[in-house]
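One structure is given here, and the rest of the page talks about it.
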Amino acid sequence: MRVGVAKEIKTDEYRVALTPAGARELVQRGHEVLVETTAGDGSSFPDADYERAGARIVSVDEAWESSELLLKVKEPIEPEYGRLREGLVLFTYLHIAADEPLTRALADSGIAAVAYETVETDDRRLPLLAPMSEIAGRLAPQAGAYFLEKPLGGRGVLLGGVPGVAPGRVLVLGGGIVGYNAAIIALGLGAQVTILERSIDRMRHLDEILSGRVSLIMSSSLQVEESIGDADLVIGAVLIPGARAPKLVTRGMLAEMKPGAVVVDVAIDQGGCIETAHATTHSDPVYEVDGIVHYCVANMPGGVPVTSTHALTNATLPYVEAIAEHGLAEAVARDGALARGVSVLDGKITYRAVAEAHGLDFTPLERVLPLAAASGR
Ligand SMILES: NC(=O)c1ccc[n+]([C@@H]2O[C@H](COP(=O)([O-])OP(=O)(O)OC[C@H]3O[C@@H](n4cnc5c(N)ncnc54)[C@H](O)[C@@H]3O)[C@@H](O)[C@H]2O)c1
């Protein structure tokens with residue numbers, strides 16, 4: 001198959017959808033790989049690295065027009081809508097339940113659009129979202145520790161303390177992938193860590209793997225209120241799948257916090273779990289409300305593109321290989337997880353939540369692709 005890699009043109013997006021190592025794997029399996037010139041620059045992969053891996057460097061037009069399978073990181077933005085076309089399989093993060101113009105552009109074009117974020121295993125894991133949650137979780141204490149410094153508006157607390165001086169306290173709301181990864185880095189920095197979680201099973205698991213190194217407490221609004229006053233750093237990491245994040249920290253609760261404490265609301269991409277949170281960017285990451293520093297960068301992994309590109313492509317490559325090897329129809333017939341990723345096909349919306357979000361007709365995938373083994377959606 002002819003597999004293309006497009007350069008990202010969204011502001012502040014430095015990731016690329018395939019590494020030279022991934023390109024080499026595909027070339028070795030007999031596929032042709034076309035990489036748009038300078039697509040890898042933001043992740044420190046110059047064109048020459050792809051050429052050495054056996055890929056061909058091409059123009060933006062050739063990448064979009066000659067590919068059968070096109071790999072991207074972010075959803076197409078308006079200037080790219082005209083490039084969507086029938087016969088092309090697009091594999092990327094799409095997030096189209098929140099983007100009606102793009103949903104319509106995809107459907108009108110006849111393209112096959114497969115969304116990384118809805119590839120879902122039978123046991124409900126999201127293998128192409130998990131690596132970004134791991135990265136955001138691990139970045140959160142790092143960002144929080146930095147903005148706790150006094151000259152940056154923080155309280156002036158060193159999370160690790162020193163011998164004779166107590167460490168800082170980190171409160172993590174939600175102990176899923178982001179929360180667990182935030183906790184282990186906060187522990188590594190020497191902080192005292194508390195996780196509030198709502199699922200008993202998840203807490204049992206965290207207890208096993210963290211073996212008593214963190215306090216695990218059942219989450220409730222009373223508990224949040226009681227814990228928040230002690231915290232130097234609060235990390236928001238809750239998720240209710242398919243819904244906006246619950247506002248666990250109200251504006252009133254900020255008054256209970258220590259002046260100069262920092263909140264890092266990682267859940268900001270789902271609306272945030274702190275009432276006073278609004279999305280910020282890497283170039284302007286923080287603001288202050290009632291004496292509390294808020295860090296709410298909506299695409300935290302974008303700040304570490306070298307790591308993020310490797311982590312993302314480690315997770316996507318097996319699916320890319322499957323589509324390239326078998327074609328989309330056969331690949332989704334073999335793998336229900338990949339089938340759940342198919343959002344738009346032949347002008348039909350094949351992912352229920354997307355159709356419902358925009359009041360459009362939903363067509364089950366198996367009605368468009370006779371081979372599909374898509375189930376349980
Ligand atoms: N800002 C970014 O750059 C970025 C990057 C990756 C992920 N995220 C976001 O981070 C959030 C967390 O993602 P995740 O992968 O860790 O999800 P996850 O499903 O692995 O974990 C969420 C956890 O929150 C818990 N939870 C739900 N309601 C709760 C409550 N009221 N109190 C305490 N815990 C509660 C759940 O039981 C679950 O364990 C999501 O909103 C995700 O979109 C943001």
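Residue numbering restarts at 1 in every chain; chains get A, B, ... in the order shown in the structure tokens, and ligands count up from 1 in that same order.
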Could you list, with a cut-off of 8 Å and counting only C-alpha atoms and all ligand atoms, the residues of chain A near ligand 1, each shown with its nearest atom pair and the distance in Å rounded to one decimal, rows sorted by chain and ascending number, as CSV?
```
residue,atom,partner,partner_atom_place_in_ligand_line,distance
A:Leu129,CA,ligand 1,15 (O),7.0
A:Ala130,CA,ligand 1,15 (O),5.9
A:Met132,CA,ligand 1,6 (C),4.9
A:Ser133,CA,ligand 1,6 (C),3.7
A:Glu134,CA,ligand 1,6 (C),7.2
A:Ile135,CA,ligand 1,6 (C),7.2
A:Ala136,CA,ligand 1,5 (C),4.8
A:Gly137,CA,ligand 1,6 (C),7.3
A:Leu173,CA,ligand 1,33 (C),5.2
A:Gly174,CA,ligand 1,34 (N),3.5
A:Gly175,CA,ligand 1,39 (O),4.7
A:Gly176,CA,ligand 1,21 (O),3.1
A:Ile177,CA,ligand 1,16 (O),3.7
A:Val178,CA,ligand 1,16 (O),3.6
A:Gly179,CA,ligand 1,16 (O),5.6
A:Tyr180,CA,ligand 1,16 (O),7.6
A:Leu196,CA,ligand 1,33 (C),5.2
A:Glu197,CA,ligand 1,34 (N),3.8
A:Arg198,CA,ligand 1,34 (N),4.5
A:Ser199,CA,ligand 1,37 (O),4.8
A:Arg202,CA,ligand 1,39 (O),6.2
A:Met218,CA,ligand 1,33 (C),7.5
A:Ser219,CA,ligand 1,32 (N),4.7
A:Ser220,CA,ligand 1,32 (N),6.6
A:Gly236,CA,ligand 1,11 (C),7.6
A:Ala237,CA,ligand 1,12 (C),4.4
A:Val238,CA,ligand 1,24 (O),3.4
A:Leu239,CA,ligand 1,22 (C),4.0
A:Ile240,CA,ligand 1,27 (C),5.2
A:Pro241,CA,ligand 1,19 (O),6.8
A:Ala245,CA,ligand 1,41 (O),6.5
A:Pro246,CA,ligand 1,31 (N),6.4
A:Leu248,CA,ligand 1,31 (N),6.5
A:Asp265,CA,ligand 1,1 (N),7.2
A:Val266,CA,ligand 1,1 (N),4.2
A:Ala267,CA,ligand 1,41 (O),3.7
A:Ile268,CA,ligand 1,1 (N),5.6
A:Asp269,CA,ligand 1,43 (O),5.4
A:Gln270,CA,ligand 1,41 (O),4.9
A:Gly271,CA,ligand 1,41 (O),7.9
A:Gly272,CA,ligand 1,41 (O),7.3
A:Cys296,CA,ligand 1,1 (N),6.9
A:Val297,CA,ligand 1,1 (N),5.6
A:Ala298,CA,ligand 1,1 (N),4.0
A:Asn299,CA,ligand 1,3 (O),3.6
A:Met300,CA,ligand 1,3 (O),3.6
A:Pro301,CA,ligand 1,3 (O),5.6
A:Gly302,CA,ligand 1,3 (O),7.6
```
Residues from the last selection, C-alpha atoms, saved as a short mmCIF file (atom, residue, chain, number, x, y, z; two decimals), in the first residue's frame:
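Once written, part_14.cif looks like this:
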```
data_model
loop_
_atom_site.label_atom_id
_atom_site.label_comp_id
_atom_site.auth_asym_id
_atom_site.auth_seq_id
_atom_site.Cartn_x
_atom_site.Cartn_y
_atom_site.Cartn_z
CA LEU A 129 -5.16 7.65 23.82
CA ALA A 130 -3.30 5.97 26.68
CA MET A 132 -0.86 10.73 25.61
CA SER A 133 -2.45 10.35 29.05
CA GLU A 134 0.78 8.82 30.33
CA ILE A 135 2.74 11.78 29.00
CA ALA A 136 0.30 14.43 30.30
CA GLY A 137 0.26 12.70 33.69
CA LEU A 173 -8.06 14.00 41.64
CA GLY A 174 -8.74 10.78 39.72
CA GLY A 175 -6.40 7.78 39.74
CA GLY A 176 -6.68 6.63 36.11
CA ILE A 177 -3.84 6.72 33.62
CA VAL A 178 -3.12 10.44 34.06
CA GLY A 179 -3.51 10.26 37.84
CA TYR A 180 -1.28 7.20 38.28
CA LEU A 196 -8.84 10.75 45.45
CA GLU A 197 -10.58 8.14 43.30
CA ARG A 198 -14.14 7.00 42.88
CA SER A 199 -13.64 3.41 41.79
CA ARG A 202 -9.10 1.06 40.69
CA MET A 218 -12.59 7.69 48.25
CA SER A 219 -13.54 10.83 46.34
CA SER A 220 -16.53 12.88 47.47
CA GLY A 236 -7.09 17.35 38.03
CA ALA A 237 -7.18 13.94 36.28
CA VAL A 238 -10.78 12.70 36.37
CA LEU A 239 -12.65 11.34 33.41
CA ILE A 240 -16.19 10.21 32.95
CA PRO A 241 -16.11 8.62 29.49
CA ALA A 245 -15.47 16.43 33.45
CA PRO A 246 -17.31 16.88 36.79
CA LEU A 248 -14.91 18.71 41.70
CA ASP A 265 -6.13 20.72 35.40
CA VAL A 266 -5.18 17.98 32.95
CA ALA A 267 -8.87 17.20 32.38
CA ILE A 268 -9.24 20.61 30.72
CA ASP A 269 -9.71 18.93 27.33
CA GLN A 270 -13.03 17.63 28.69
CA GLY A 271 -13.96 21.00 30.19
CA GLY A 272 -11.80 20.72 33.31
CA CYS A 296 -4.60 24.32 32.03
CA VAL A 297 -2.75 23.51 28.80
CA ALA A 298 -5.14 21.52 26.63
CA ASN A 299 -2.46 19.67 24.63
CA MET A 300 0.24 19.00 27.18
CA PRO A 301 1.96 16.22 25.15
CA GLY A 302 2.52 18.78 22.38
#
```
Subject >> All residues 9 Å or closer to Gly54 (chain A), only C-alpha atoms, same chain fewer than 5 positions away omitted, as a ChimeraX atom specification >> reply: /A:20,23-24,27-28,32-33,49
Dump N, CA, C and O atoms for the selected residues as a JSON list (two decimals), in the first residue's frame?
```
[["chain", "number", "residue", "atom", "x", "y", "z"],
["A", 20, "PRO", "N", 11.02, 7.55, 11.57],
["A", 20, "PRO", "CA", 11.80, 6.84, 10.56],
["A", 20, "PRO", "C", 11.82, 5.33, 10.83],
["A", 20, "PRO", "O", 11.77, 4.52, 9.89],
["A", 23, "ALA", "N", 8.72, 4.00, 9.47],
["A", 23, "ALA", "CA", 8.78, 4.01, 8.01],
["A", 23, "ALA", "C", 9.54, 2.78, 7.52],
["A", 23, "ALA", "O", 9.13, 2.10, 6.58],
["A", 24, "ARG", "N", 10.63, 2.48, 8.21],
["A", 24, "ARG", "CA", 11.45, 1.33, 7.79],
["A", 24, "ARG", "C", 10.67, 0.02, 7.91],
["A", 24, "ARG", "O", 10.75, -0.84, 7.04],
["A", 27, "VAL", "N", 8.38, -0.13, 4.97],
["A", 27, "VAL", "CA", 9.10, -0.37, 3.71],
["A", 27, "VAL", "C", 9.54, -1.83, 3.64],
["A", 27, "VAL", "O", 9.42, -2.49, 2.61],
["A", 28, "GLN", "N", 9.99, -2.35, 4.78],
["A", 28, "GLN", "CA", 10.45, -3.75, 4.79],
["A", 28, "GLN", "C", 9.32, -4.73, 4.49],
["A", 28, "GLN", "O", 9.56, -5.84, 4.05],
["A", 32, "GLU", "N", 5.01, 1.30, 0.18],
["A", 32, "GLU", "CA", 5.71, 2.50, -0.25],
["A", 32, "GLU", "C", 5.38, 3.59, 0.76],
["A", 32, "GLU", "O", 4.21, 3.76, 1.11],
["A", 33, "VAL", "N", 6.38, 4.32, 1.25],
["A", 33, "VAL", "CA", 6.11, 5.36, 2.26],
["A", 33, "VAL", "C", 6.48, 6.73, 1.68],
["A", 33, "VAL", "O", 7.61, 6.94, 1.24],
["A", 49, "ASP", "N", 16.58, 11.33, 7.51],
["A", 49, "ASP", "CA", 16.37, 10.10, 8.31],
["A", 49, "ASP", "C", 15.31, 9.21, 7.67],
["A", 49, "ASP", "O", 15.41, 7.99, 7.69]]
```
Original post:
In region 11-97 of chain A, what's alpha helix (DSSP H) per DSSP? Answer as a list in words?
Top reply: Pro20, Ala21, Gly22, Ala23, Arg24, Glu25, Leu26, Val27, Gln28, Asp47, Ala48, Asp49, Tyr50, Glu51, Arg52, Val60, Asp61, Glu62, Ala63, Trp64, Glu65, Ser66, Glu78, Pro79, Glu80 and Tyr81 of chain A
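One distance worth recording is that between CA of Ala311 (chain A) and CA of Val73 (chain A), which is 12.1 Å.
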For region 102-182 of chain A against region 277-286 of chain A, with a cut-off of 12 Å and counting only C-alpha atoms, what is the closest atom pair and its distance in Å to one decimal for every residue that makes the cut, ordered by chain and number, as JSON lines?
```
{"residue": "A:Ala143", "atom": "CA", "partner": "A:Pro285", "partner_atom": "CA", "distance": 9.5}
{"residue": "A:Gly144", "atom": "CA", "partner": "A:Val286", "partner_atom": "CA", "distance": 10.3}
{"residue": "A:Tyr146", "atom": "CA", "partner": "A:Val286", "partner_atom": "CA", "distance": 11.3}
{"residue": "A:Phe147", "atom": "CA", "partner": "A:Val286", "partner_atom": "CA", "distance": 8.4}
{"residue": "A:Leu148", "atom": "CA", "partner": "A:Val286", "partner_atom": "CA", "distance": 11.4}
{"residue": "A:Leu152", "atom": "CA", "partner": "A:Val286", "partner_atom": "CA", "distance": 9.5}
{"residue": "A:Gly153", "atom": "CA", "partner": "A:Val286", "partner_atom": "CA", "distance": 9.4}
{"residue": "A:Gly154", "atom": "CA", "partner": "A:Val286", "partner_atom": "CA", "distance": 10.7}
```
**OP:** Fewer than 6 positions away in the same chain doesn't count, so skip those; otherwise give me all residues within 10 Å of Arg104 (chain A), counting only C-alpha atoms, as a ChimeraX atom specification.
**Re:** /A:96,344,347-349,358,360
Selected residues, C-alpha atoms, written as a PDB file, in the first residue's frame, please.
```pdb
ATOM      1  CA  ILE A  96     -15.199  15.168  15.572  1.00  0.00           C
ATOM      2  CA  VAL A 344     -16.881   8.218   8.716  1.00  0.00           C
ATOM      3  CA  GLY A 347     -20.307   9.571   3.298  1.00  0.00           C
ATOM      4  CA  LYS A 348     -21.924   7.813   6.300  1.00  0.00           C
ATOM      5  CA  ILE A 349     -21.322   8.509   9.979  1.00  0.00           C
ATOM      6  CA  HIS A 358     -24.560  16.602  15.432  1.00  0.00           C
ATOM      7  CA  LEU A 360     -26.924  13.319  11.808  1.00  0.00           C
TER       8      LEU A 360
END
```
Subject >> Within 8 Å of Glu86 (chain A) using only C-alpha atoms, minus same-chain residues under 4 positions, as a VMD selection string >> reply: chain A and resid 109 to 112 346
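The coordinates place CA of Leu216 (chain A) at 28.0 Å from CA of Glu120 (chain A).
The set of residues in region 225-260 of chain A assigned to strand (DSSP E) by DSSP, using only backbone atoms of this structure, is Leu233, Val234, Ile235 and Gly236 of chain A.
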**OP:** Report the distance between CA of Val172 (chain A) and CA of Pro151 (chain A) in Å, rounded to one decimal place.
**Re:** 24.4 Å
Subject >> From A:Ala339, A:Glu325, A:Asp361, A:Leu345, residue lying nearest Gly87 (chain A) [only C-alpha atoms] >> reply: A:Leu345
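Distance check against Ser66 (chain A) using only C-alpha atoms: of A:Gly4, A:Pro141, A:Pro79, A:Gly22, the minimum falls on A:Gly4.
Minimum atom-to-atom distance to Asp335 (chain A), evaluated using only C-alpha atoms, belongs to A:Pro318 out of A:Pro318, A:Gly160, A:Gly42, A:Pro364.
Excluding Leu312 (chain A) itself and same-chain residues fewer than 6 positions from it, the residues having an atom within 10 Å of it are Arg15, Val16, Ala17, Leu18, Thr19, Val73, Tyr116, Pro127, Leu128, Leu129, Ala130, Pro131, Met132 and Pro305 of chain A, counting only C-alpha atoms.
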